[in-house]
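Chemist: Below is the structure I would like to discuss, written out as structure tokens.
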Amino acid sequence: MALKITDIDETQAPLIDHLIELRSRLLRSLLVLIVASLASYAFASRILGFLVQPLYAAFPAGRGQLIYTKLYDAFFTELKVALFTGILISFPYTASQLWAFIAPGLYAKEKRAFLPFVWMTFPLFFAGAAFAYFLVMPSAFRFFLGFGGQLGGLQLEAMPALGDYLALVMQFIFAFGLCFLLPVLLLLLDRAGLVTRQQMAGARRYMIVGFVALGALIAPPDVGSQLLLAVPMWVLYEGSLAAMWLGERKRAKAAAGQSDPAPG
């Protein structure tokens, strides 16, 4: 059976009923987050072992190390890993609950227009996270570790703390995941009529400068790592413009088809 998208829900439900529904959906989302986090805690050490692989590969052979300076640091780091994993696992469910709350207030045409963007967030976010893990972090960690050596006759050696490392990894993953949502933002602005493809194309040079500046803020200070963020964002930007152009052609064909007189 094909998925049927109904039109706007015109029932005049009291405001308190909407608030109760919102609370119910948020509580269910919180419950899913708690269950996912608790389940993830059983695998927290394995997940953490996976997350440290970029740092392990950046160290010279046999010299990699992570330390913790407080007795409870390792325990709380595993709790953070479980929560971090739970957030990623429960994210699709939470988004679906928010969509289910908002969708009744939209017309069927609006639902068909915006629903694809809701589902685009998942693959794009995880693509950005994978890009950060497999390409950006190894390059960044090699750059950071390159400062080790002799300094004023003393040996300068990196001794990263476990909690600090996890915070850095989460910063990379969330930053790149959010940056890869650029097409969703641009296409939503275009669909809402706030910007046009011509305006975005005219601002191309400024957007490229902005991508480079964003790369300088998020990525490590070496040029290579900054380009690893700026170049994909530029590619996503151009892809968004191409998608806008295809959408314009499709709407123009639909309008032309409606304006053609019916054959007698």
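Lettering and numbering for the structure tokens are positional, with chains as A, B, ... in the shown order, residues counted from 1 in each chain, and ligands counted from 1 in the shown order.
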Give the strand (DSSP E or B) residues of segment 36-248 of chain A, as assigned by DSSP on the backbone, as a list in words.
Modeler: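 Everything in segment 36-248 of chain A that counts as strand (DSSP E or B) is Ile67, Gly149, Gln150, Leu151, Leu154, Gln155, Leu156 and Ala161 of chain A.
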Chemist: Compile a residue-level contact table for segment 119-176 of chain A against segment 88-102 of chain A at a cut-off of 10 Å, reporting for every qualifying residue the shortest atom pair and its distance in Å to one decimal, with only C-alpha atoms counted, rows ordered by chain and ascending number, as a tab-separated table.
Modeler:
```
residue	atom	partner	partner_atom	distance
A:Trp119	CA	A:Pro92	CA	8.5
A:Thr121	CA	A:Pro92	CA	9.1
A:Phe122	CA	A:Pro92	CA	7.0
A:Phe125	CA	A:Leu88	CA	9.9
A:Phe126	CA	A:Leu88	CA	9.0
```
Chemist: Just C-alpha atoms for this one: save the residues we selected as a PDB file, in the first residue's frame.
Modeler:
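Done, and the output landed in out-v5.pdb:
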```pdb
ATOM      1  CA  TRP A 119      15.105  12.343   5.992  1.00  0.00           C
ATOM      2  CA  THR A 121      19.448  15.069   7.584  1.00  0.00           C
ATOM      3  CA  PHE A 122      20.289  11.510   8.666  1.00  0.00           C
ATOM      4  CA  PHE A 125      24.962  14.121   9.203  1.00  0.00           C
ATOM      5  CA  PHE A 126      26.487  10.653   9.354  1.00  0.00           C
TER       6      PHE A 126
END
```
Chemist: Which one of A:Phe174, A:Phe75, A:Trp245, A:Phe114 sits closest to Ser45 of chain A if you count only C-alpha atoms?
Modeler: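 Closest to Ser45 of chain A of all the choices is A:Phe75.
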Chemist: Could you tell me, as a ChimeraX atom specification, which residues of segment 75-194 of chain A DSSP assigns to alpha helix (DSSP H) when given the backbone?
Modeler: /A:75-102,108-131,137-145,162-179,182-191
Chemist: Can you pull out the residues contacting Ser225 of chain A? Cut-off 12 Å, using only C-alpha atoms, and skip same-chain residues under 3 positions away; I want them as an mmCIF file with C-alpha atoms, in the first residue's frame.
Modeler:
```cif
data_model
loop_
_atom_site.group_PDB
_atom_site.id
_atom_site.type_symbol
_atom_site.label_atom_id
_atom_site.label_comp_id
_atom_site.auth_asym_id
_atom_site.auth_seq_id
_atom_site.Cartn_x
_atom_site.Cartn_y
_atom_site.Cartn_z
ATOM 1 C CA PHE A 131 34.324 12.230 6.848
ATOM 2 C CA ALA A 132 35.644 13.707 10.093
ATOM 3 C CA LEU A 135 39.891 11.800 6.836
ATOM 4 C CA VAL A 136 40.045 14.885 9.040
ATOM 5 C CA MET A 137 40.962 13.501 12.467
ATOM 6 C CA PRO A 138 43.963 11.416 11.291
ATOM 7 C CA SER A 139 45.356 14.476 9.519
ATOM 8 C CA ALA A 140 44.641 16.748 12.485
ATOM 9 C CA PHE A 141 46.192 14.408 15.054
ATOM 10 C CA ARG A 142 49.353 13.954 12.997
ATOM 11 C CA PHE A 143 49.620 17.741 12.845
ATOM 12 C CA PHE A 144 49.200 18.118 16.616
ATOM 13 C CA PHE A 172 34.894 17.101 15.276
ATOM 14 C CA VAL A 212 37.486 28.788 4.184
ATOM 15 C CA LEU A 214 34.748 28.247 8.832
ATOM 16 C CA GLY A 215 37.443 25.689 8.088
ATOM 17 C CA ALA A 216 39.961 27.899 9.858
ATOM 18 C CA LEU A 217 37.692 28.065 12.923
ATOM 19 C CA ILE A 218 36.744 24.388 13.172
ATOM 20 C CA ALA A 219 39.643 22.509 11.626
ATOM 21 C CA PRO A 220 43.235 22.464 12.925
ATOM 22 C CA PRO A 221 45.455 25.379 11.921
ATOM 23 C CA ASP A 222 47.210 23.542 9.081
ATOM 24 C CA LEU A 228 39.348 19.131 4.050
ATOM 25 C CA LEU A 229 36.348 21.018 5.415
ATOM 26 C CA ALA A 230 36.150 23.942 2.985
ATOM 27 C CA VAL A 231 36.276 21.863 -0.221
ATOM 28 C CA PRO A 232 33.453 19.425 0.690
#
```
Chemist: With distances taken over only C-alpha atoms, which of A:Ala254, A:Val195, A:Lys111, A:Pro104 is nearest to His18 of chain A?
Modeler: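 The answer is A:Pro104, which sits nearest to His18 of chain A.
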Chemist: Using only C-alpha atoms, tabulate the residues of segment 18-95 of chain A lying at most 9 Å from any atom of segment 157-166 of chain A, each with its closest atom pair and that distance in Å to one decimal, by chain and increasing residue number, as a Markdown table.
Modeler:
```
| residue | atom | partner | partner_atom | distance |
| --- | --- | --- | --- | --- |
| A:Leu48 | CA | A:Leu166 | CA | 8.3 |
| A:Leu51 | CA | A:Leu166 | CA | 8.0 |
| A:Val52 | CA | A:Tyr165 | CA | 8.3 |
| A:Leu55 | CA | A:Tyr165 | CA | 8.9 |
| A:Gly64 | CA | A:Met159 | CA | 8.8 |
| A:Gln65 | CA | A:Met159 | CA | 6.7 |
| A:Leu66 | CA | A:Pro160 | CA | 5.4 |
| A:Ile67 | CA | A:Ala161 | CA | 4.8 |
| A:Tyr68 | CA | A:Ala161 | CA | 5.3 |
| A:Thr69 | CA | A:Ala161 | CA | 7.5 |
| A:Asp73 | CA | A:Gly163 | CA | 6.8 |
| A:Ala74 | CA | A:Leu162 | CA | 7.1 |
| A:Phe76 | CA | A:Gly163 | CA | 8.3 |
| A:Thr77 | CA | A:Gly163 | CA | 5.8 |
| A:Lys80 | CA | A:Leu166 | CA | 8.5 |
| A:Val81 | CA | A:Leu166 | CA | 7.9 |
```
Chemist: Would you mind telling me which residue in A:Leu188, A:Leu178, A:Leu19, A:Leu154 lies nearest to Ala127 of chain A when using only C-alpha atoms?
Modeler: A:Leu178
Chemist: Using only C-alpha atoms, can you tell me which of A:Arg191, A:Leu115, A:Phe50, A:Val35 comes closest to Phe134 of chain A?
Modeler: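 Among the listed residues, the smallest separation from Phe134 of chain A belongs to A:Phe50.
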Chemist: Write out as an MDAnalysis selection string the residues lying within 8 Å of Leu124 of chain A, counting only C-alpha atoms and excluding same-chain residues fewer than 6 positions away.
Modeler: chainID A and resid 177 180:181
Chemist: Now that the selection is made, can you save its residues with C-alpha atoms as a PDB file, in the first residue's frame?
Modeler:
```
ATOM      1  CA  GLY A 177      28.024  16.472  10.790  1.00  0.00           C
ATOM      2  CA  PHE A 180      27.256  18.619   5.976  1.00  0.00           C
ATOM      3  CA  LEU A 181      23.626  19.668   6.538  1.00  0.00           C
TER       4      LEU A 181
END
```
Chemist: What does the distance from atom CA of Ala167 of chain A to atom CA of Phe84 of chain A come to in Å, to one decimal?
Modeler: 10.4 Å
Chemist: So that I can check the surroundings of Glu238 of chain A, please list as a list of chain:residue names every protein, DNA and RNA residue that reaches within 12 Å of it, counting only C-alpha atoms and ignoring chain neighbours fewer than 2 positions away.
Modeler: A:Leu182, A:Pro183, A:Leu186, A:Leu187, A:Arg197, A:Met200, A:Ala201, A:Ala203, A:Arg204, A:Arg205, A:Met207, A:Ile208, A:Val231, A:Pro232, A:Met233, A:Trp234, A:Val235, A:Leu236, A:Ser240, A:Leu241, A:Ala242, A:Ala243, A:Met244, A:Trp245
